[in-house]
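Let me begin by presenting the structure, written as structure tokens, before commenting on it.
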Number of protein chains: 2
Amino acid sequence: VNTSPPRTLKLTLQYDGSRFVGWQRQENGLSIQALVEDALALIEGRPVSVTGASRTDAGVHALGQVASVTLTHGIDAADLQRALNATLPPDVRVTHVAGVATDFHARFSARGKTYRYRLFTGGLSPFERQYGWSVPRGLNSNSMRAAAGALIGRHDFAAFRSAGSDTRTTVRTIYAVDLQETVADSAIWPWGPSGDAPLINIEISGDGFLRHMVRTIVGTLVEIGEGRRSVEDMARVLAAGSRAAAGPTAPATGLFLVRVEY
Amino acid sequence: VNTSPPRTLKLTLQYDGSRFVGWQRQENGLSIQALVEDALALIEGRPVSVTGASRTDAGVHALGQVASVTLTHGIDAADLQRALNATLPPDVRVTHVAGVATDFHARFSARGKTYRYRLFTGGLSPFERQYGWSVPRGLNSNSMRAAAGALIGRHDFAAFRSAGSDTRTTVRTIYAVDLQETVADSAIWPWGPSGDAPLINIEISGDGFLRHMVRTIVGTLVEIGEGRRSVEDMARVLAAGSRAAAGPTAPATGLFLVRVEY
């Protein structure tokens with residue numbers, strides 16, 4: 001067989017999270033990690049362990065998840081990408097494969113991550129039903145943008161952490177929160193959002209995120225956009241440090257892992 | 001109960017055809033017609049028969065299918081739309097309900113229909129896997145556009161008819177064929193096509209279409225775009241009048257019924 005000294009490879013992946021229990025291998029259902037590990041094991045000829053940068057939850061999607069793996073098979077990067085895509089189902093695609101330094105670790109080497117959340121204010125079309133959250137028309141996006149500003153910087157995000165998670169520290173740094181309203185050219189995106197019911201994209205980047213943190217931030221921002229909370233409430237929730245102070249957890253369907261920075 | 005004289009209603013529908021056997025009620029699986037009829041029967045309190053403008057095949061999608069139905073229940077149009085959308089699954093949406101003349105018939109009153117076919121030249125992302133056809137990069141779109149011109153007007157389209165269909169005549173009039181290459185703003189459409197691998201939309205309108213006619217036209221156009229057939233071949237296929245002369249039937253996934261004109 002075509003063996004080589006152990007090499008570390010960086011895989012970039014896109015997936016539709018709809019039918020998976022999440023990134024992480026679990027007993028109770030199909031995970032993206034299991035699919036990728038099984039596809040790599042076919043090539044490597046023995047079990048392979050893959051590390052993902054983010055443990056995306058059930059229903060959460062990825063435009064640019066990153067995974068690292070060590071292989072002894074000498075297959076080149078382009079052939080490996082082709083072989084993986086030939087084995088993986090069409091809702092999981094490998095978009096890039098690159099050789100990296102042997103100490104590269106998809107999770108621990110990550111310097112930052114960017115997530116995007118998609119809010120549809122005009123209802124969810126049949127074609128977006130698993131890729132967004134349907135929220136009321138006429139959300140006050142200026143209030144939401146102003147409130148999001150309170151999140152930027154280094155804070156204790158305990159209030160936005162899902163109960164049951166066990167991280168050592170709940171302090172994280174948010175680099176940016178960008179809220180963009182967009183409408184679509186119907187020739188390009190026939191089921192896209194129109195003028196009176198734009199799509200609201202919330203893009204948030206930081207050095208790391210607690211479990212459900214983005215979704216709880218979005219749930220809180222939507223309550224602010226509806227006028228059920230004040231703009232100033234975001235700072236109060238942060239300061240309270242209690243999950244009970246924040247808004248609901250937005251559905252997984254609207255969340256995308258956009259990219260991981262190293 | 002809230003009864004009224006029999007009224008004819010025009011329903012406009014969007015659906016993701018992926019999990020259905022097609023528009024038409026069939027013994028062997030779930031159809032959109034059956035879902036709509038069953039939802040209406042709940043309101044009307046007795047079995048209801050719905051006529052669709054187009055019998056879209058399994059896997060074919062609709063942005064603007066039209067259906068007609070006669071009801072004696074006095075529910076108003078907006079309430080009926082809400083009630084239907086509350087009952088129907090999220091991959092079928094009623095986008096409009098209107099009262100129409102009692103002799104309106106979704107199929108026989110139609111003056112024209114427009115279909116769109118989506119060709120992805122850069123591979124299908126996980127999010128488009130059921131909404132397009134993945135074709136080779138670098139298709140010659142000028143050849144395809146030139147060849148499509150031969151279809152415009154009144155012709156015998158027997159060559160583009162699927163075997164087994166039993167229409168009286170195979171003569172149809174094509175009003176227009178529009179071939180548009182588009183790229184996406186990634187902020188709006190994150191998994192959209194990029195500059196070197198545009199999305200090719202083929203939009204075709206006419207007074208009526210034979211079974212698989214749009215898909216066979218697209219299959220033939222793609223062979224012309226690949227250079228496996230000449231531009232002039234399209235007129236020869238039309239003149240031959242034999243299904244064997246045309247190209248393959250493009251997959252159902254790429255096809256959308258865009259609108260029906262009355």
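To be explicit about the labels: the chains of the structure tokens are called A, B, and onward in the order shown, and within each one the residues are counted from 1, while ligands get numbers from 1 in the order they are shown.
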Starting from chain A, keep only residues with some atom at most 9 Å from an atom of chain B, counting only C-alpha atoms, and report them as a tab-separated table (two decimals) with N, CA, C and O atoms, in the first residue's frame.
```tsv
chain	number	residue	atom	x	y	z
A	14	GLN	N	-18.44	21.57	4.06
A	14	GLN	CA	-19.78	22.16	4.08
A	14	GLN	C	-20.76	21.05	4.39
A	14	GLN	O	-20.61	19.94	3.86
A	15	TYR	N	-21.75	21.34	5.21
A	15	TYR	CA	-22.81	20.35	5.36
A	15	TYR	C	-24.14	21.00	5.73
A	15	TYR	O	-24.19	22.08	6.28
A	16	ASP	N	-25.18	20.28	5.34
A	16	ASP	CA	-26.55	20.58	5.71
A	16	ASP	C	-26.82	19.74	6.96
A	16	ASP	O	-26.88	18.52	6.89
A	63	LEU	N	-20.81	26.14	6.53
A	63	LEU	CA	-20.26	26.58	5.24
A	63	LEU	C	-18.77	26.36	5.22
A	63	LEU	O	-18.18	26.25	4.15
A	90	PRO	N	-24.49	13.50	-0.44
A	90	PRO	CA	-24.47	14.84	-1.02
A	90	PRO	C	-24.75	15.98	-0.04
A	90	PRO	O	-24.51	17.14	-0.40
A	91	ASP	N	-25.21	15.68	1.17
A	91	ASP	CA	-25.40	16.77	2.13
A	91	ASP	C	-24.15	17.05	2.97
A	91	ASP	O	-24.19	17.91	3.86
A	92	VAL	N	-23.05	16.35	2.66
A	92	VAL	CA	-21.75	16.66	3.27
A	92	VAL	C	-20.72	16.73	2.15
A	92	VAL	O	-20.55	15.76	1.41
A	93	ARG	N	-20.04	17.86	2.01
A	93	ARG	CA	-19.04	18.04	0.96
A	93	ARG	C	-17.72	18.50	1.56
A	93	ARG	O	-17.70	19.36	2.46
A	124	LEU	N	-40.99	31.37	5.99
A	124	LEU	CA	-39.97	30.50	5.39
A	124	LEU	C	-40.56	29.82	4.17
A	124	LEU	O	-41.57	29.13	4.26
A	125	SER	N	-39.91	30.00	3.04
A	125	SER	CA	-40.36	29.30	1.83
A	125	SER	C	-40.05	27.81	2.00
A	125	SER	O	-39.23	27.43	2.84
A	126	PRO	N	-40.71	26.97	1.19
A	126	PRO	CA	-40.41	25.53	1.27
A	126	PRO	C	-38.92	25.24	1.10
A	126	PRO	O	-38.43	24.22	1.58
A	127	PHE	N	-38.22	26.13	0.39
A	127	PHE	CA	-36.81	25.87	0.06
A	127	PHE	C	-35.85	26.37	1.14
A	127	PHE	O	-34.66	26.11	1.08
A	129	ARG	N	-36.89	26.18	4.53
A	129	ARG	CA	-37.51	25.80	5.80
A	129	ARG	C	-36.51	25.22	6.79
A	129	ARG	O	-36.75	25.26	8.00
A	131	TYR	N	-33.24	26.25	6.74
A	131	TYR	CA	-32.06	27.13	6.70
A	131	TYR	C	-32.33	28.52	7.27
A	131	TYR	O	-31.69	29.49	6.86
A	180	GLN	N	-27.10	42.55	9.03
A	180	GLN	CA	-27.29	43.04	7.68
A	180	GLN	C	-28.67	42.63	7.19
A	180	GLN	O	-29.05	41.47	7.29
A	182	THR	N	-31.01	42.13	3.94
A	182	THR	CA	-30.82	41.96	2.50
A	182	THR	C	-32.12	41.55	1.82
A	182	THR	O	-32.98	40.92	2.43
A	183	VAL	N	-32.23	41.96	0.57
A	183	VAL	CA	-33.32	41.47	-0.27
A	183	VAL	C	-32.67	40.76	-1.45
A	183	VAL	O	-31.47	40.91	-1.68
A	184	ALA	N	-33.43	39.99	-2.20
A	184	ALA	CA	-32.84	39.16	-3.24
A	184	ALA	C	-33.31	39.60	-4.63
A	184	ALA	O	-34.43	40.08	-4.79
A	187	ALA	N	-34.36	36.79	-9.96
A	187	ALA	CA	-33.79	35.99	-11.05
A	187	ALA	C	-32.71	35.07	-10.51
A	187	ALA	O	-32.51	33.96	-11.00
A	188	ILE	N	-31.99	35.54	-9.51
A	188	ILE	CA	-30.88	34.78	-8.96
A	188	ILE	C	-31.36	33.86	-7.84
A	188	ILE	O	-31.02	32.69	-7.77
A	189	TRP	N	-32.20	34.40	-6.98
A	189	TRP	CA	-32.64	33.67	-5.81
A	189	TRP	C	-34.16	33.73	-5.78
A	189	TRP	O	-34.75	34.57	-5.12
A	190	PRO	N	-34.82	32.82	-6.50
A	190	PRO	CA	-36.26	32.97	-6.75
A	190	PRO	C	-37.10	32.90	-5.49
A	190	PRO	O	-38.20	33.42	-5.47
A	191	TRP	N	-36.62	32.27	-4.43
A	191	TRP	CA	-37.42	32.20	-3.20
A	191	TRP	C	-36.81	33.11	-2.14
A	191	TRP	O	-37.00	32.91	-0.95
A	192	GLY	N	-36.08	34.10	-2.60
A	192	GLY	CA	-35.41	35.00	-1.66
A	192	GLY	C	-36.32	36.05	-1.08
A	192	GLY	O	-37.46	36.19	-1.49
A	199	LEU	N	-34.39	39.55	4.55
A	199	LEU	CA	-33.65	38.57	5.35
A	199	LEU	C	-32.71	39.35	6.27
A	199	LEU	O	-32.03	40.27	5.81
A	201	ASN	N	-29.42	38.90	8.34
A	201	ASN	CA	-28.27	38.05	8.64
A	201	ASN	C	-27.56	38.62	9.86
A	201	ASN	O	-27.19	39.80	9.85
A	258	VAL	N	-19.66	29.64	9.61
A	258	VAL	CA	-19.20	30.22	8.34
A	258	VAL	C	-17.73	29.90	8.08
A	258	VAL	O	-17.37	29.46	6.99
```
Pick out the residues sitting within 12 Å of Ile202 of chain B, and hand them over as a ChimeraX atom specification; count only C-alpha atoms, and ignore anything fewer than 3 positions along from it in its own chain.
/A:187-188 /B:114-120,132-133,141,144-145,148,176-182,199,205,214-215,217-219,221-222,254-258
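With atom CA of Arg19 of chain B on one side and atom CA of Thr253 of chain B on the other, the separation reads 10.8 Å.
Taking atom CA of Ala252 of chain A and atom CA of Gly122 of chain A as the two end points, the separation is 18.7 Å.
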Check the DSSP output for the backbone and give back, as JSON, numbers by chain, the residues of segment 1-213 of chain A in alpha helix (DSSP H).
{"A": [32, 33, 34, 35, 36, 37, 38, 39, 40, 41, 42, 43, 44, 77, 78, 79, 80, 81, 82, 83, 84, 85, 86, 87, 141, 142, 143, 144, 145, 146, 147, 148, 213]}
I'd like the contact shell of segment 28-44 of chain A - 10 Å cut-off, only C-alpha atoms, skipping same-chain residues fewer than 2 positions apart - returned as number ranges by chain.
A: 1-3, 11, 13, 15-17, 19-26, 46-52, 55-58, 67, 69-75, 80, 83-89, 91-94
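Here atom CA of Asp233 of chain A stands at a distance of 20.9 Å from atom CA of Ala163 of chain A.
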With distances taken over only C-alpha atoms, which residue among B:Ala53, B:Gly99, B:Thr173, B:Gly225 lies nearest Gly138 of chain B?
B:Gly225
Shell of 10 Å around Asp207 of chain B, only C-alpha atoms, local chain residues under 3 positions omitted, as an MDAnalysis selection string
chainID B and resid 110:114 154 172:175 260:261
Save the residues we just selected, N, CA, C and O atoms, as a JSON list (two decimals), in the first residue's frame?
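Now in selection27.json:
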```json
[["chain", "number", "residue", "atom", "x", "y", "z"],
["B", 110, "ALA", "N", -55.58, 27.86, -18.46],
["B", 110, "ALA", "CA", -54.21, 28.37, -18.54],
["B", 110, "ALA", "C", -53.86, 28.78, -19.97],
["B", 110, "ALA", "O", -54.13, 28.03, -20.92],
["B", 111, "ARG", "N", -53.29, 29.98, -20.13],
["B", 111, "ARG", "CA", -52.86, 30.43, -21.45],
["B", 111, "ARG", "C", -51.37, 30.18, -21.65],
["B", 111, "ARG", "O", -50.88, 30.13, -22.78],
["B", 112, "GLY", "N", -50.65, 30.08, -20.57],
["B", 112, "GLY", "CA", -49.21, 29.84, -20.70],
["B", 112, "GLY", "C", -48.59, 29.45, -19.38],
["B", 112, "GLY", "O", -49.16, 29.68, -18.32],
["B", 113, "LYS", "N", -47.43, 28.80, -19.49],
["B", 113, "LYS", "CA", -46.70, 28.39, -18.29],
["B", 113, "LYS", "C", -45.23, 28.73, -18.48],
["B", 113, "LYS", "O", -44.73, 28.70, -19.60],
["B", 114, "THR", "N", -44.57, 29.02, -17.36],
["B", 114, "THR", "CA", -43.14, 29.29, -17.40],
["B", 114, "THR", "C", -42.43, 28.34, -16.44],
["B", 114, "THR", "O", -42.84, 28.20, -15.29],
["B", 154, "ARG", "N", -44.24, 27.91, -33.06],
["B", 154, "ARG", "CA", -45.14, 26.77, -33.06],
["B", 154, "ARG", "C", -44.47, 25.60, -33.79],
["B", 154, "ARG", "O", -44.10, 25.71, -34.96],
["B", 172, "ARG", "N", -46.90, 22.41, -29.93],
["B", 172, "ARG", "CA", -46.96, 23.41, -28.87],
["B", 172, "ARG", "C", -46.31, 24.69, -29.37],
["B", 172, "ARG", "O", -45.51, 24.66, -30.33],
["B", 173, "THR", "N", -46.61, 25.79, -28.70],
["B", 173, "THR", "CA", -45.96, 27.06, -29.04],
["B", 173, "THR", "C", -45.07, 27.50, -27.88],
["B", 173, "THR", "O", -45.53, 27.59, -26.74],
["B", 174, "ILE", "N", -43.81, 27.69, -28.19],
["B", 174, "ILE", "CA", -42.87, 28.23, -27.20],
["B", 174, "ILE", "C", -42.78, 29.74, -27.42],
["B", 174, "ILE", "O", -42.47, 30.20, -28.53],
["B", 175, "TYR", "N", -43.06, 30.50, -26.37],
["B", 175, "TYR", "CA", -43.02, 31.97, -26.48],
["B", 175, "TYR", "C", -41.60, 32.50, -26.34],
["B", 175, "TYR", "O", -41.21, 33.43, -27.03],
["B", 260, "VAL", "N", -48.01, 30.36, -13.85],
["B", 260, "VAL", "CA", -49.01, 29.98, -14.84],
["B", 260, "VAL", "C", -49.78, 31.25, -15.20],
["B", 260, "VAL", "O", -50.18, 32.02, -14.31],
["B", 261, "GLU", "N", -49.93, 31.49, -16.50],
["B", 261, "GLU", "CA", -50.65, 32.69, -16.95],
["B", 261, "GLU", "C", -52.07, 32.33, -17.36],
["B", 261, "GLU", "O", -52.30, 31.28, -17.96]]
```
Exercise: Thr170 of chain B partners within 10 Å, only C-alpha atoms, chain neighbours under 4 positions left out, as a PDB file with all heavy atoms, in the first residue's frame:
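Just written: result33.pdb:
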```
ATOM      1  N   HIS B 155     -44.270  24.504 -33.057  1.00  0.00           N
ATOM      2  CA  HIS B 155     -43.559  23.343 -33.615  1.00  0.00           C
ATOM      3  C   HIS B 155     -44.198  22.057 -33.096  1.00  0.00           C
ATOM      4  O   HIS B 155     -44.879  22.061 -32.071  1.00  0.00           O
ATOM      5  CB  HIS B 155     -42.087  23.321 -33.176  1.00  0.00           C
ATOM      6  CG  HIS B 155     -41.302  24.524 -33.583  1.00  0.00           C
ATOM      7  ND1 HIS B 155     -40.863  24.725 -34.872  1.00  0.00           N
ATOM      8  CD2 HIS B 155     -40.879  25.586 -32.863  1.00  0.00           C
ATOM      9  CE1 HIS B 155     -40.190  25.873 -34.932  1.00  0.00           C
ATOM     10  NE2 HIS B 155     -40.184  26.413 -33.732  1.00  0.00           N
ATOM     11  N   ASP B 156     -43.871  20.983 -33.789  1.00  0.00           N
ATOM     12  CA  ASP B 156     -44.199  19.659 -33.280  1.00  0.00           C
ATOM     13  C   ASP B 156     -43.040  19.218 -32.380  1.00  0.00           C
ATOM     14  O   ASP B 156     -41.909  19.043 -32.856  1.00  0.00           O
ATOM     15  CB  ASP B 156     -44.366  18.678 -34.451  1.00  0.00           C
ATOM     16  CG  ASP B 156     -44.798  17.294 -33.966  1.00  0.00           C
ATOM     17  OD1 ASP B 156     -44.583  16.982 -32.774  1.00  0.00           O
ATOM     18  OD2 ASP B 156     -45.350  16.541 -34.786  1.00  0.00           O
ATOM     19  N   PHE B 157     -43.328  19.069 -31.092  1.00  0.00           N
ATOM     20  CA  PHE B 157     -42.271  18.754 -30.135  1.00  0.00           C
ATOM     21  C   PHE B 157     -42.213  17.262 -29.793  1.00  0.00           C
ATOM     22  O   PHE B 157     -41.766  16.885 -28.709  1.00  0.00           O
ATOM     23  CB  PHE B 157     -42.433  19.604 -28.863  1.00  0.00           C
ATOM     24  CG  PHE B 157     -42.028  21.038 -29.063  1.00  0.00           C
ATOM     25  CD1 PHE B 157     -42.972  22.012 -29.380  1.00  0.00           C
ATOM     26  CD2 PHE B 157     -40.692  21.413 -28.962  1.00  0.00           C
ATOM     27  CE1 PHE B 157     -42.589  23.338 -29.583  1.00  0.00           C
ATOM     28  CE2 PHE B 157     -40.303  22.733 -29.154  1.00  0.00           C
ATOM     29  CZ  PHE B 157     -41.263  23.700 -29.474  1.00  0.00           C
ATOM     30  N   ALA B 158     -42.669  16.414 -30.719  1.00  0.00           N
ATOM     31  CA  ALA B 158     -42.685  14.963 -30.471  1.00  0.00           C
ATOM     32  C   ALA B 158     -41.313  14.436 -30.034  1.00  0.00           C
ATOM     33  O   ALA B 158     -41.227  13.515 -29.218  1.00  0.00           O
ATOM     34  CB  ALA B 158     -43.161  14.231 -31.728  1.00  0.00           C
ATOM     35  N   ALA B 159     -40.249  15.029 -30.549  1.00  0.00           N
ATOM     36  CA  ALA B 159     -38.900  14.555 -30.214  1.00  0.00           C
ATOM     37  C   ALA B 159     -38.564  14.764 -28.740  1.00  0.00           C
ATOM     38  O   ALA B 159     -37.667  14.109 -28.212  1.00  0.00           O
ATOM     39  CB  ALA B 159     -37.863  15.274 -31.082  1.00  0.00           C
ATOM     40  N   PHE B 160     -39.278  15.687 -28.098  1.00  0.00           N
ATOM     41  CA  PHE B 160     -38.963  16.017 -26.704  1.00  0.00           C
ATOM     42  C   PHE B 160     -40.011  15.470 -25.738  1.00  0.00           C
ATOM     43  O   PHE B 160     -40.088  15.884 -24.601  1.00  0.00           O
ATOM     44  CB  PHE B 160     -38.833  17.539 -26.553  1.00  0.00           C
ATOM     45  CG  PHE B 160     -37.734  18.117 -27.391  1.00  0.00           C
ATOM     46  CD1 PHE B 160     -37.996  18.706 -28.618  1.00  0.00           C
ATOM     47  CD2 PHE B 160     -36.416  18.054 -26.955  1.00  0.00           C
ATOM     48  CE1 PHE B 160     -36.975  19.228 -29.392  1.00  0.00           C
ATOM     49  CE2 PHE B 160     -35.385  18.567 -27.728  1.00  0.00           C
ATOM     50  CZ  PHE B 160     -35.664  19.151 -28.953  1.00  0.00           C
ATOM     51  N   ARG B 161     -40.835  14.556 -26.242  1.00  0.00           N
ATOM     52  CA  ARG B 161     -41.889  13.981 -25.420  1.00  0.00           C
ATOM     53  C   ARG B 161     -41.443  12.645 -24.879  1.00  0.00           C
ATOM     54  O   ARG B 161     -40.925  11.800 -25.609  1.00  0.00           O
ATOM     55  CB  ARG B 161     -43.156  13.783 -26.253  1.00  0.00           C
ATOM     56  CG  ARG B 161     -44.249  13.060 -25.481  1.00  0.00           C
ATOM     57  CD  ARG B 161     -45.418  12.728 -26.381  1.00  0.00           C
ATOM     58  NE  ARG B 161     -44.987  11.997 -27.569  1.00  0.00           N
ATOM     59  CZ  ARG B 161     -45.827  11.398 -28.402  1.00  0.00           C
ATOM     60  NH1 ARG B 161     -47.130  11.485 -28.209  1.00  0.00           N
ATOM     61  NH2 ARG B 161     -45.372  10.742 -29.448  1.00  0.00           N
ATOM     62  N   ASP B 166     -49.708  10.346 -23.593  1.00  0.00           N
ATOM     63  CA  ASP B 166     -50.791  10.094 -24.547  1.00  0.00           C
ATOM     64  C   ASP B 166     -51.591  11.372 -24.856  1.00  0.00           C
ATOM     65  O   ASP B 166     -52.804  11.404 -24.706  1.00  0.00           O
ATOM     66  CB  ASP B 166     -51.731   9.019 -23.991  1.00  0.00           C
ATOM     67  CG  ASP B 166     -52.295   9.427 -22.637  1.00  0.00           C
ATOM     68  OD1 ASP B 166     -51.780  10.415 -22.066  1.00  0.00           O
ATOM     69  OD2 ASP B 166     -53.228   8.784 -22.167  1.00  0.00           O
ATOM     70  N   GLY B 208     -48.014  25.367 -23.525  1.00  0.00           N
ATOM     71  CA  GLY B 208     -48.188  24.071 -22.889  1.00  0.00           C
ATOM     72  C   GLY B 208     -46.943  23.232 -23.127  1.00  0.00           C
ATOM     73  O   GLY B 208     -46.143  23.533 -24.024  1.00  0.00           O
ATOM     74  N   PHE B 209     -46.782  22.194 -22.314  1.00  0.00           N
ATOM     75  CA  PHE B 209     -45.572  21.381 -22.404  1.00  0.00           C
ATOM     76  C   PHE B 209     -45.942  19.910 -22.336  1.00  0.00           C
ATOM     77  O   PHE B 209     -46.805  19.510 -21.543  1.00  0.00           O
ATOM     78  CB  PHE B 209     -44.619  21.741 -21.259  1.00  0.00           C
ATOM     79  CG  PHE B 209     -44.074  23.140 -21.369  1.00  0.00           C
ATOM     80  CD1 PHE B 209     -44.765  24.232 -20.839  1.00  0.00           C
ATOM     81  CD2 PHE B 209     -42.892  23.380 -22.048  1.00  0.00           C
ATOM     82  CE1 PHE B 209     -44.273  25.527 -20.970  1.00  0.00           C
ATOM     83  CE2 PHE B 209     -42.385  24.667 -22.186  1.00  0.00           C
ATOM     84  CZ  PHE B 209     -43.084  25.737 -21.643  1.00  0.00           C
ATOM     85  N   LEU B 210     -45.275  19.099 -23.152  1.00  0.00           N
ATOM     86  CA  LEU B 210     -45.465  17.653 -23.122  1.00  0.00           C
ATOM     87  C   LEU B 210     -44.715  17.084 -21.917  1.00  0.00           C
ATOM     88  O   LEU B 210     -43.847  17.748 -21.327  1.00  0.00           O
ATOM     89  CB  LEU B 210     -44.926  17.044 -24.421  1.00  0.00           C
ATOM     90  CG  LEU B 210     -45.529  17.637 -25.701  1.00  0.00           C
ATOM     91  CD1 LEU B 210     -44.708  17.227 -26.918  1.00  0.00           C
ATOM     92  CD2 LEU B 210     -46.976  17.195 -25.844  1.00  0.00           C
ATOM     93  N   GLY B 241     -38.418  14.552 -35.053  1.00  0.00           N
ATOM     94  CA  GLY B 241     -39.667  14.184 -34.382  1.00  0.00           C
ATOM     95  C   GLY B 241     -39.602  12.884 -33.613  1.00  0.00           C
ATOM     96  O   GLY B 241     -40.625  12.328 -33.231  1.00  0.00           O
TER      97      GLY B 241
END
```
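Using only C-alpha atoms, the residues found no farther than 9 Å from Val237 of chain B, other than those of its own chain fewer than 5 positions away, are Ala159, Phe160, Ser242, Arg243, Ala244, Ala245 and Ala246 of chain B.
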